[in-house]
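Data from coords39.cif: mmCIF, C-alpha atoms
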data_structure
loop_
_atom_site.label_atom_id
_atom_site.label_comp_id
_atom_site.auth_asym_id
_atom_site.auth_seq_id
_atom_site.Cartn_x
_atom_site.Cartn_y
_atom_site.Cartn_z
CA MET A 1 -5.12 10.95 3.84
CA THR A 2 -4.55 7.26 4.33
CA ALA A 3 -5.91 4.62 2.03
CA PRO A 4 -9.30 3.13 2.92
CA LEU A 5 -9.15 1.00 6.06
CA ASP A 6 -10.32 -2.60 6.23
CA LEU A 7 -10.65 -3.12 9.97
CA ASP A 8 -11.21 -6.74 10.97
CA LEU A 9 -12.54 -6.21 14.48
CA ASP A 10 -13.46 -9.21 16.61
CA VAL A 11 -14.93 -9.09 20.11
CA GLU A 12 -13.38 -12.21 21.54
CA ALA A 13 -14.23 -11.83 25.24
CA GLY A 14 -15.24 -9.22 27.77
CA ALA A 15 -18.12 -6.80 28.23
CA TRP A 16 -17.30 -4.42 25.40
CA GLU A 17 -19.80 -1.62 24.80
CA LYS A 18 -20.69 -0.30 21.36
CA ALA A 19 -19.49 3.21 22.26
CA GLU A 20 -16.07 1.78 23.21
CA ILE A 21 -15.83 -0.20 19.97
CA ASP A 22 -16.80 2.84 17.90
CA ALA A 23 -14.24 4.97 19.76
CA ILE A 24 -11.50 2.38 19.13
CA GLU A 25 -12.31 2.32 15.40
CA ALA A 26 -12.16 6.14 15.24
CA ALA A 27 -8.88 6.12 17.17
CA ILE A 28 -7.26 3.74 14.69
CA VAL A 29 -8.28 5.93 11.74
CA ALA A 30 -6.98 9.04 13.54
CA ALA A 31 -3.71 7.28 14.38
CA LEU A 32 -3.15 6.27 10.76
CA ASP A 33 -3.84 9.83 9.58
CA GLY A 34 -1.48 11.20 12.24
CA ALA A 35 1.22 8.71 11.31
CA LEU A 36 0.89 9.59 7.63
CA THR A 37 1.26 13.30 8.42
CA ASP A 38 4.29 12.49 10.58
CA GLY A 39 5.92 10.54 7.75
CA ALA A 40 5.42 6.94 8.83
CA LEU A 41 6.14 4.26 6.23
CA TRP A 42 7.38 6.96 3.89
CA ASP A 43 9.72 6.26 1.01
CA ASP A 44 13.09 7.75 2.05
CA ASP A 45 13.47 9.23 -1.43
CA ALA A 46 10.22 11.13 -0.93
CA VAL A 47 11.51 13.69 1.58
CA ALA A 48 11.72 17.37 0.70
CA THR A 49 14.75 19.49 1.57
CA ASP A 50 12.98 20.88 4.64
CA GLY A 51 12.63 17.33 6.00
CA THR A 52 8.90 17.01 5.37
CA PRO A 53 7.36 14.32 3.21
CA ASP A 54 7.19 15.37 -0.44
CA GLU A 55 4.42 13.56 -2.29
CA GLY A 56 5.86 14.70 -5.60
CA ASP A 57 8.81 12.35 -5.32
CA GLY A 58 7.14 9.35 -3.73
CA ALA A 59 4.59 8.51 -1.12
CA SER A 60 3.88 6.70 2.09
CA LEU A 61 2.70 3.14 1.87
CA LEU A 62 -0.25 4.41 3.94
CA SER A 63 -1.39 6.64 1.10
CA VAL A 64 -0.60 4.55 -1.99
CA ALA A 65 -2.03 1.21 -0.88
CA PRO A 66 -5.45 0.48 -2.34
CA MET A 67 -6.47 -0.59 1.17
CA VAL A 68 -4.88 -0.77 4.63
CA GLU A 69 -5.75 -3.81 6.74
CA ILE A 70 -5.58 -4.08 10.52
CA GLY A 71 -6.91 -6.84 12.74
CA VAL A 72 -8.23 -5.91 16.18
CA ARG A 73 -9.16 -8.40 18.90
CA LEU A 74 -11.04 -7.02 21.87
CA SER A 75 -10.43 -9.52 24.61
CA ASP A 76 -9.87 -10.15 28.30
CA ASP A 77 -6.94 -10.61 30.66
CA ALA A 78 -6.85 -14.40 30.34
CA ALA A 79 -6.36 -14.39 26.56
CA VAL A 80 -3.93 -11.46 26.58
CA ARG A 81 -1.90 -13.08 29.35
CA ILE A 82 -1.32 -16.13 27.13
CA LEU A 83 -0.24 -13.95 24.19
CA ASN A 84 2.00 -11.84 26.42
CA ARG A 85 3.59 -15.00 27.83
CA ASP A 86 4.06 -16.69 24.46
CA TYR A 87 5.31 -13.68 22.48
CA ARG A 88 6.96 -11.42 25.08
CA ASP A 89 7.98 -13.89 27.83
CA LYS A 90 5.88 -11.92 30.35
CA ASP A 91 3.44 -14.21 32.13
CA LYS A 92 0.86 -11.56 33.01
CA PRO A 93 -1.88 -9.64 31.25
CA THR A 94 -1.17 -6.26 29.72
CA ASN A 95 -3.36 -3.52 28.29
CA VAL A 96 -2.52 -3.70 24.57
CA LEU A 97 -0.34 -5.85 22.34
CA SER A 98 0.65 -5.03 18.77
CA PHE A 99 1.91 -7.53 16.23
CA ALA A 100 3.34 -5.59 13.30
CA ALA A 101 3.51 -7.23 9.87
CA LEU A 102 6.36 -4.91 8.86
CA GLU A 103 9.00 -5.38 11.52
CA SER A 104 11.26 -2.46 10.62
CA ALA A 105 11.66 0.65 8.48
CA ASP A 106 13.82 -1.48 6.17
CA ASP A 107 10.91 -3.93 5.73
CA ALA A 108 8.64 -1.01 4.78
CA ALA A 109 11.21 0.48 2.38
CA ALA A 110 11.70 -2.90 0.69
CA PHE A 111 8.00 -3.63 0.53
CA MET A 112 6.89 -4.07 -3.06
CA MET A 113 3.17 -3.67 -3.45
CA ALA A 114 1.16 -4.99 -6.37
CA PRO A 115 -1.37 -2.40 -7.59
CA ASP A 116 -4.32 -4.27 -6.08
CA MET A 117 -2.59 -5.63 -2.97
CA PRO A 118 -3.80 -4.39 0.42
CA LEU A 119 -1.20 -3.27 2.94
CA LEU A 120 -1.50 -5.59 5.95
CA LEU A 121 -0.14 -3.69 8.95
CA GLY A 122 -0.75 -6.34 11.61
CA ASP A 123 -2.89 -6.99 14.66
CA ILE A 124 -3.80 -5.23 17.88
CA VAL A 125 -5.16 -7.04 20.96
CA ILE A 126 -6.70 -5.10 23.86
CA ALA A 127 -7.55 -6.52 27.30
CA ARG A 128 -10.61 -4.76 28.68
CA GLU A 129 -10.11 -5.79 32.34
CA THR A 130 -6.58 -4.40 32.54
CA CYS A 131 -7.66 -1.24 30.74
CA ALA A 132 -10.56 -0.76 33.18
CA ARG A 133 -8.24 -1.14 36.19
CA GLU A 134 -5.73 1.31 34.71
CA ALA A 135 -8.44 3.85 33.92
CA ILE A 136 -9.55 3.83 37.55
CA GLU A 137 -5.95 4.04 38.82
CA GLN A 138 -5.16 6.90 36.42
CA LYS A 139 -8.43 8.72 37.13
CA LYS A 140 -9.58 8.84 33.52
CA SER A 141 -12.54 7.52 31.63
CA LEU A 142 -12.29 3.99 30.30
CA LYS A 143 -13.31 5.16 26.82
CA ASN A 144 -10.51 7.75 26.69
CA HIS A 145 -8.00 5.20 27.95
CA LEU A 146 -9.11 2.69 25.30
CA VAL A 147 -8.75 5.37 22.61
CA HIS A 148 -5.22 6.13 23.81
CA LEU A 149 -4.26 2.45 23.75
CA ALA A 150 -5.77 1.96 20.28
CA VAL A 151 -3.71 4.94 19.03
CA HIS A 152 -0.61 3.56 20.78
CA GLY A 153 -1.09 0.08 19.32
CA THR A 154 -1.69 1.44 15.83
CA LEU A 155 1.47 3.54 15.94
CA HIS A 156 3.43 0.38 16.79
CA LEU A 157 2.05 -1.21 13.61
CA VAL A 158 3.51 1.60 11.47
CA GLY A 159 6.98 1.56 13.01
CA TYR A 160 6.89 3.67 16.16
CA ASP A 161 8.44 2.33 19.34
CA HIS A 162 9.44 3.40 22.84
CA MET A 163 12.42 1.22 23.68
CA VAL A 164 14.83 4.17 23.83
CA ASP A 165 14.18 7.68 25.14
CA ASP A 166 14.28 9.51 21.78
CA GLU A 167 11.86 7.05 20.19
CA ALA A 168 9.58 7.16 23.22
CA GLU A 169 9.48 10.95 23.15
CA GLU A 170 8.65 10.99 19.43
CA MET A 171 5.91 8.40 19.85
CA GLU A 172 4.40 10.10 22.91
CA ASP A 173 4.41 13.50 21.18
CA LEU A 174 2.55 12.05 18.21
CA GLU A 175 0.08 10.29 20.53
CA ARG A 176 -0.59 13.62 22.29
CA GLN A 177 -1.25 15.35 18.95
CA ILE A 178 -3.62 12.63 17.73
CA LEU A 179 -5.48 12.47 21.03
CA ALA A 180 -5.80 16.26 21.19
CA ARG A 181 -7.50 16.16 17.77
CA LEU A 182 -9.92 13.64 19.28
CA GLY A 183 -10.58 15.90 22.28
CA ILE A 184 -8.63 13.78 24.78
CA ASP A 185 -6.22 15.24 27.32
CA ASP A 186 -2.54 14.33 27.49
CA PRO A 187 -2.42 10.75 28.82
CA TYR A 188 1.14 11.24 30.06
CA GLU A 189 0.32 14.08 32.47
CA PRO A 190 1.13 13.04 36.02
CA ILE A 191 -1.82 11.83 38.06
CA GLU A 192 -2.60 14.37 40.75
CA ASP A 193 -3.24 12.97 44.20
CA GLU A 194 -6.50 13.94 45.76
CA PRO A 195 -6.25 15.88 49.02
CA VAL A 196 -6.49 13.69 52.10
#

Could the structure of this file be written out as structure tokens, please?
Amino acid sequence: MTAPLDLDLDVEAGAWEKAEIDAIEAAIVAALDGALTDGALWDDDAVATDGTPDEGDGASLLSVAPMVEIGVRLSDDAAVRILNRDYRDKDKPTNVLSFAALESADDAAAFMMAPDMPLLLGDIVIARETCAREAIEQKKSLKNHLVHLAVHGTLHLVGYDHMVDDEAEEMEDLERQILARLGIDDPYEPIEDEPV
């Protein structure tokens, strides 16, 4: 189980519903638990001979921190477009952006935590308008799509990525497992065309 979560959630813009906000919060908790089980932010010396995390020799930063902190901004396309332009050189809105405090596995391994210091993982920003359009295009509920993107963004904060095929496959598999536990179908299943 992960350390207690201090979620700094701010509704910056957009018509966010309480049910969506609650679902996003639950998704972040589920993603952290899934990442911990998968071995994210685990001390390399704390791996058993069968390749699974071994809490006897060490522990994940996610489990030993007195508190885990994540910032979440629920926003709109205009604000996310500016962030996407300024930080990713893509002058258009996107569904979710993650800004990880620990940039690499080496950063996590070298991270020295004081006994009372919270583990700041970073920030997630979600654009409701883009997510709503994608949900319609992908024939899924907006709430389920938001949950998927919250899981996806959280996994980026703990070191998962999808820049190369192997990493993408690992991240997508973990997303599927987490979402299944939340009762959400595989978001990567092809969209079936409706008969004409």

Distance in Å - atom CA of A:Val68 versus atom CA of A:His148: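 So the two atoms, atom CA of A:Val68 and atom CA of A:His148, lie 20.4 Å apart.
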
Minimum-distance residue to A:Val125, chosen among A:Lys139, A:Arg73, A:Arg181, A:Arg81 (using only C-alpha atoms):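 Nearest candidate to A:Val125 out of A:Lys139, A:Arg73, A:Arg181, A:Arg81: A:Arg73.
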
Ground truth for the PyMOL selection byres ((chain A and resi 15-17) around 12), written as a count of residues only: 25

Selection dump of the PyMOL selection byres ((chain A and resi 5) around 6), as a list in words: Pro4, Asp6, Leu7, Met67, Val68 and Glu69 of chain A

One-decimal distance in Å that lies between atom CA of A:Ala79 and atom CA of A:Gly153: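 Separating atom CA of A:Gly153 from atom CA of A:Ala79 is a distance of 17.0 Å.
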
Pairwise distance for atom CA of A:His156 and atom CA of A:Phe99, rounded to one decimal in Å: 8.1 Å

Contacts of A:Arg88 within 12 Å, only C-alpha atoms, excl. fewer than 6 positions in-chain, as a list in words: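 Near A:Arg88, the qualifying residues are Val80, Arg81, Ile82, Thr94, Leu97, Ser98 and Phe99 of chain A.
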
Given the selection you just returned, output its residues as a file containing C-alpha atoms, formatted as a compact mmCIF listing (two decimals), keeping the file's coordinate frame.
# COMPACT_ATOMS: atom_id res chain seq x y z
CA VAL A 80 -3.93 -11.46 26.58
CA ARG A 81 -1.90 -13.08 29.35
CA ILE A 82 -1.32 -16.13 27.13
CA THR A 94 -1.17 -6.26 29.72
CA LEU A 97 -0.34 -5.85 22.34
CA SER A 98 0.65 -5.03 18.77
CA PHE A 99 1.91 -7.53 16.23

Picked residues, the PyMOL selection byres ((chain A and resi 157-161) around 7), expected as a list of chain:residue names: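 The output of the PyMOL selection byres ((chain A and resi 157-161) around 7) on this file is A:Ala40, A:Leu41, A:Ser98, A:Phe99, A:Ala100, A:Ser104, A:Ala105, A:Leu121, A:Gly122, A:Gly153, A:Thr154, A:Leu155, A:His156, A:His162, A:Met163, A:Glu167, A:Ala168, A:Met171.
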
Counting only C-alpha atoms, the residue of A:Ala101, A:Ile28, A:Val147, A:Ala3 that sits nearest A:Gly183: A:Val147

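Restricting the calculation to all atoms listed in the file, the smallest distance between A:Leu9 and any of A:Pro190, A:Gly34, A:Gly71, A:Pro66 is found for A:Gly71.
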